[in-house]
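Please read the structure below before turning to the comments.
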Amino acid sequence: MEAHYPAHWEADVVLADGGTAHVRPIRPADADRLRSFYSRLSDESIYFRFFGPRPRLSDKEVERFTNVDYVNRVALIATIGAEMVAVIRYDRTAPGEAEVAFLVEDAHQGRGVASVLLEHLAATARERGIERFVADVLPANMRMMGLLRQAGYTAQSQFADGVVRMTLDLTPTDTSAEVTAAREHRAESRSIARLLTPGSIAVIGASREPGGVGQTALRNLLAADFTGPVYPVHREVRAVAGVRAYPSVGAIGDEVDLAVVAVPAESVIDVVKECAEKGVHGLVVVSSGFGETGPQGKARQDELARIARAYGLRVVGPNCLGIANTDPAVRLNATLAATVPGRGKVGFFSQSGALGTALLQRVAQRGMGISSFVSAGNRADVSGNDLLQYWEEDDSTEVILLYLESLGNPRKFTRLARRIARSKPIVVVKSGGTPSGHSAEELGLPDSAISSLFAQAGLIRVDDLIQLFDVGQLLAYQPLPAGPRVALVTNSDALGLLAADACVAAGLEPRPPVNLGPAAGATEFGTALAGELDSPDVDAAVVIYMPPIPGDTEAVAAELLRVSKDVPKPVLTTFRGHLGMHPALRVAGPSADQATPARGSIPSYAAPEEAVRALAHVVQYATWRAHPAVPPPELDDIDTGRARALVSATLSTAAADASPEPGAGAGFAEPGPPVEIDATELLSCYGLTVWPAEVVRSPDEAVAAAERLGWPVVLKVADPGASRRAGTVRLGLTGPQMVCHAYAEFADQLGAEVELAVQRMAPQPAVPTVVGVVEDPAFGPVVSFGLGEVTARLLLDQGFRLAPLTGEDAAALVRSVRAAPLLFGQYGYPPVAVDALEELLVRVGRLAHDLPEVARLNLDQVLVGESNVMILGARATLRTPAGPRLDGGPRRLS
């Protein structure tokens with residue numbers, strides 16, 4: 001029987017130069033492909049691989065190299081188009097050890113093909129129980145030795161008999177993870193840079209029809225004065241918009257870096273192949289008729305992405321508005337929007353194509369500038385994750401704005417955001433509608449969970465597009481506040497009070513408004529603002545200038561700019577009701593032709609409440625950013641090995657009747673039904689103890705259990721979901737008579753066959769809480785927390801964080817729920833051991849991170865007492881994962 005391999009062993013990858021390739025295991029059908037690959041190798045490459053000349057591979061060698069069992073012998077190849085360009089393989093030589101070797105076609109060396117193949121082969125080897133790679137390398141083969149040493153794993157080398165034997169420990173390390181992340185970042189950043197900084201552009205489908213999509217894209221490119229050549233492509237006409245046209249991309253004599261595709265959907269695949277043959281780096285597909293039209297269009301869209309990646313191209317779209325770069329050295333407007341804002345420091349990503357034009361118009365109307373803009377449309381390939389990688393590197397971008405309809409790889413998105421937000425703020429609107437990708441509903445998480453996870457990553461999530469730009473303009477032009485204390489300077493008592501109320505509602509701390517009166521002019525505003533900004537008790541200032549009669553607007557604005565200049569505190573205004581960057585409040589840019597404002601300009605809002613709302617978002621972000629990133633704490637008293645053995649044994653027992661496929665070996669299997677595991681024993685591996693309880697089926701058994709556990713006791717329904725229903729618990733039973741009476745009540749209420757549990761009464765007073773874990777298919781392990789009170793449950797008052805949790809994550813999770821004050825001694829409750837609760841959350845998060853097989857874990861309830869926490873009930877279910885977590889393991893496009 002033919003051997004099989006897991007589906008996740010195949011992947012599209014981005015190479016170091018920004019191109020793409022496909023990685024997959026070799027197959028017997030690759031024999032001719034292997035021969036062709038080998039024929040293109042240089043004598044030196046062959047010598048380094050085989051330690052001698054070998055002009056050709058024999059049929060026996062080809063058969064051996066292409067027929068592997070995917071367990072003891074595995075080979076991965078990289079393909080671009082139909083051609084194989086590299087191969088890496090291992091052969092098991094001893095328990096836990098395998099010999100590794102690779103070959104890369106000379107024309108593709110230096111592109112990072114070997115490093116990405118090594119990452120993927122190491123991951124497959126670990127799945128098959130291999131712990132070490134051994135490679136015999138000629139001393140002159142510096143490239144291979146460098147590759148093995150730079151992978152980040154622990155490497156040792158020994159020279160003997162003219163050969164360097166290198167041993168690579170495949171245990172993942174912090175260094176190997178950092179190396180993988182750094183390579184991923186450079187590759188994906190470079191792939192977007194090639195799209196946004198092309199040297200030449202072809203517009204395919206640029207017809208003579210006025211108002212046509214292709215001609216619109218062409219005219220916008222020309223109107224923006226793109227710095228490189230633009231080539232219209234039309235199969236019949238000789239010129240479009242006064243520019244010479246070509247019948248095909250291949251007919252263009254010079255190189256083409258980027259192609260804007262505006263042909264009918266059914267013709268796009270042929271265009272992709274033509275562009276691949278021409279050597280085009282990327283495509284912007286503005287054509288519609290893909291995933292937005294239904295299943296047939298979605299199949300066409302998937303084929304577009306597959307073929308483009310296979311041939312090394314990145315794709316923006318389809319059904320997108322296009323891309324823009326305001327860099328004077330590029331001047332790129334490859335969009336369908338005639339209006340593109342001027343040069344600025346804001347990078348803007350919009351998943352919606354239809355909404356993109358309106359969004360760009362709004363940015364321009366506010367007087368804001370952008371560094372670059374990408375509309376991903378149906379997001380077949382290029383996503384917000386790619387743009388985050390690019391903008392992290394781009395010195396021209398200081399603020400990132402995202403409009404998202406779906407999340408392609410949420411776990412990777414939050415990982416990238418958490419890193420990038422440390423230096424560049426990210427503001428995101430996440431809409432409810434999701435035509436593709438992952439929605440909150442599909443993920444099994446409520447929308448509030450998405451907000452919690454975004455907050456953990458330092459993202460500023462806003463409710464609508466108005467807030468997106470309100471927050472964006474504040475971040476783009478003013479410094480971050482050091483705290484929540486807000487000064488209010490106004491010439492209207494009513495507006496000042498409205499602003500103060502808005503501050504309180506938003507969690508800010510307003511000072512008493514400084515009301516200057518309706519006749520106040522530049523001197524009064526300048527003096528008042530200077531005094532407030534000089535105060536150590538002020539972190540930000542909101543200025544309200546709404547004169548009842550026309551005043552000296554220019555003088556007031558000039559004074560506000562003068563006073564706030566070089567002050568490290570943000571100043572924002574409601575300036576005559578203007579929305580955006582008021583011309584009088586702008587600081588001139590570095591060049592005379594720059595129409596957009598520079599840092600230090602003061603943003604204006606239509607109403608004080610809107611200004612305060614924007615400031616509140618920025619204060620929360622600044623607070624998050626002020627706390628340095630720390631790793632999860634070390635937990636020395638946990639036994640991960642015992643936990644994994646327990647999980648493996650439980651799953652093996654549940655699957656005892658199933659026979660594995662021949663050759664499947666170790667690794668991942670098809671996910672089966674949930675399997676219960678002894679949650680008490682599992683939690684004990686992580687230093688957590690469940691309060692003892694015994695299930696009973698008669699009054700006599702209940703009394704006997706109470707005697708063993710110790711009085712007083714609790715009698716409750718054994719069903720794990722019982723705590724969600726009223727009347728299923730009897731507390732403080734101090735003797736046999738009370739236990740028998742309570743048992744009789746339950747029997748009358750729920751039937752004689754009901755199963756009850758006896759548990760020793762936990763010390764009081766204590767606050768009941770609920771802790772949970774879910775292995776989300778996209779986000780990975782998510783920890784939830786809420787109070788166990790009935791009202792909190794009904795209101796779904798929960799917080800969420802991605803595992804593993806740092807101490808700061810756990811503290812933020814506890815404080816994220818609205819009922820959190822009950823834990824801190826408010827409303828008549830005694831203060832309880834919040835520090836012990838936070839430690840429990842960290843331990844649960846570590847368990848969730850270590851064990852992807854844990855599909856769900858519920859700790860219901862966790863009583864938080866004055867000095868400790870007590871887990872009263874726990875239930876856990878397992879599920880065999882179908883593959884690794886989306887953001888774990890080797891690099892891949894997703």
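Naming works like this for the structure tokens: A, B, ... for the chains as they're shown, residue 1 at the start of each chain, ligands 1 onward in shown order.
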
Give me the residues of region 295-394 of chain A that have any atom at most 7 Å from an atom of region 596-611 of chain A; for each, the nearest atom pair and the distance in Å, rounded to one decimal. Use only C-alpha atoms, sort by chain and number, and format it as a Markdown table.
| residue | atom | partner | partner_atom | distance |
| --- | --- | --- | --- | --- |
| A:Gly342 | CA | A:Thr596 | CA | 5.9 |
| A:Arg343 | CA | A:Thr596 | CA | 6.3 |
| A:Gly344 | CA | A:Thr596 | CA | 6.5 |
| A:Gly367 | CA | A:Thr596 | CA | 6.1 |
| A:Met368 | CA | A:Thr596 | CA | 6.1 |
| A:Gly369 | CA | A:Thr596 | CA | 5.5 |

Restricted to N, CA, C and O atoms, what would the selected residues look like written as a PDB file, in the first residue's frame?
ATOM      1  N   GLY A 342      -2.258  62.785   0.624  1.00  0.00           N
ATOM      2  CA  GLY A 342      -0.859  63.135   0.456  1.00  0.00           C
ATOM      3  C   GLY A 342       0.048  62.336   1.362  1.00  0.00           C
ATOM      4  O   GLY A 342      -0.376  61.424   2.073  1.00  0.00           O
ATOM      5  N   ARG A 343       1.325  62.705   1.342  1.00  0.00           N
ATOM      6  CA  ARG A 343       2.339  61.987   2.099  1.00  0.00           C
ATOM      7  C   ARG A 343       2.117  62.156   3.586  1.00  0.00           C
ATOM      8  O   ARG A 343       1.849  63.252   4.071  1.00  0.00           O
ATOM      9  N   GLY A 344       2.205  61.042   4.318  1.00  0.00           N
ATOM     10  CA  GLY A 344       2.041  61.076   5.758  1.00  0.00           C
ATOM     11  C   GLY A 344       2.687  59.872   6.396  1.00  0.00           C
ATOM     12  O   GLY A 344       3.441  59.124   5.761  1.00  0.00           O
ATOM     13  N   GLY A 367      -7.496  65.819   6.042  1.00  0.00           N
ATOM     14  CA  GLY A 367      -6.181  66.430   5.922  1.00  0.00           C
ATOM     15  C   GLY A 367      -5.065  65.548   6.434  1.00  0.00           C
ATOM     16  O   GLY A 367      -3.947  66.015   6.649  1.00  0.00           O
ATOM     17  N   MET A 368      -5.355  64.271   6.648  1.00  0.00           N
ATOM     18  CA  MET A 368      -4.323  63.341   7.084  1.00  0.00           C
ATOM     19  C   MET A 368      -3.533  62.847   5.883  1.00  0.00           C
ATOM     20  O   MET A 368      -4.008  62.857   4.757  1.00  0.00           O
ATOM     21  N   GLY A 369      -2.331  62.397   6.126  1.00  0.00           N
ATOM     22  CA  GLY A 369      -1.524  61.806   5.078  1.00  0.00           C
ATOM     23  C   GLY A 369      -1.321  60.326   5.329  1.00  0.00           C
ATOM     24  O   GLY A 369      -1.507  59.833   6.445  1.00  0.00           O
TER      25      GLY A 369
END

To test your reading of the structure, identify every residue in region 15-261 of chain A that backbone DSSP assigns to strand (DSSP E), and report it as a ChimeraX atom specification. /A:20-25,73-80,83-94,97-104,132-137,154-160,163-169,201-204,230-233,239-240,243-244,258-261

Using DSSP on the backbone coordinates, identify the residues of region 799-887 of chain A assigned to helix (DSSP H, G or I); present them as number ranges by chain. A: 807-815, 820-823, 834-850

Residues within 10 Å of Ala123 (chain A), please, as a list in words. Count only C-alpha atoms; anything in the same chain fewer than 5 positions from it doesn't count.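 What passes the distance filter is Trp9, Leu117, Leu118, Arg128, Ile130, Leu170, Thr171, Pro172, Pro884, Gly888, Gly889 and Pro890 of chain A.
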
CA of Leu863 (chain A) to CA of Val770 (chain A): how many Å, to one decimal?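 For CA of Leu863 (chain A) relative to CA of Val770 (chain A), the distance reads 8.5 Å.
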
Quick one: everything within 9 Å of Gln620 (chain A), counting only C-alpha atoms, minus sequence neighbours fewer than 5 positions away in the same chain. Send it as a ChimeraX atom specification. /A:458,460,483-484,615,625

Excluding Arg846 (chain A) and residues on its chain fewer than 2 positions from it, collect all residues at most 8 Å away from it, counting only C-alpha atoms, and give them as a ChimeraX atom specification. /A:803-805,842-844,848-850

For region 43-50 of chain A, please output as a PyMOL selection string all residues within 12 Å (counting only C-alpha atoms; exclusion window: fewer than 5 positions along the same chain). chain A and resi 37-38+55-57+86-89+100-107+109+135-145+163

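Nearest-residue note for Val85 (chain A): choosing from A:Thr650, A:Thr216, A:Ser39, A:Thr397, the minimum distance belongs to A:Ser39, counting only C-alpha atoms.
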
Selection near Leu196 (chain A), 12 Å with only C-alpha atoms, sequence-local residues under 5 positions removed, as a PyMOL selection string: chain A and resi 189-191+201+226+257-259+281-284+314+316+322-327+329-335+347+371-374+387+390-391+394

Quote the spacing between CA of Asn858 (chain A) and CA of Pro777 (chain A) in Å to one decimal place.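 Atom-to-atom, CA of Asn858 (chain A) to CA of Pro777 (chain A), that is 17.9 Å.
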
Hey, which of A:Gly205, A:Gly786, A:Gly112, A:Gly641 ends up closest to Leu682 (chain A)? Count only C-alpha atoms. A:Gly641

Distance of CA of Gln215 (chain A) from CA of Pro328 (chain A), expressed in Å to one decimal place: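 CA of Gln215 (chain A) lies at a distance of 23.4 Å from CA of Pro328 (chain A).
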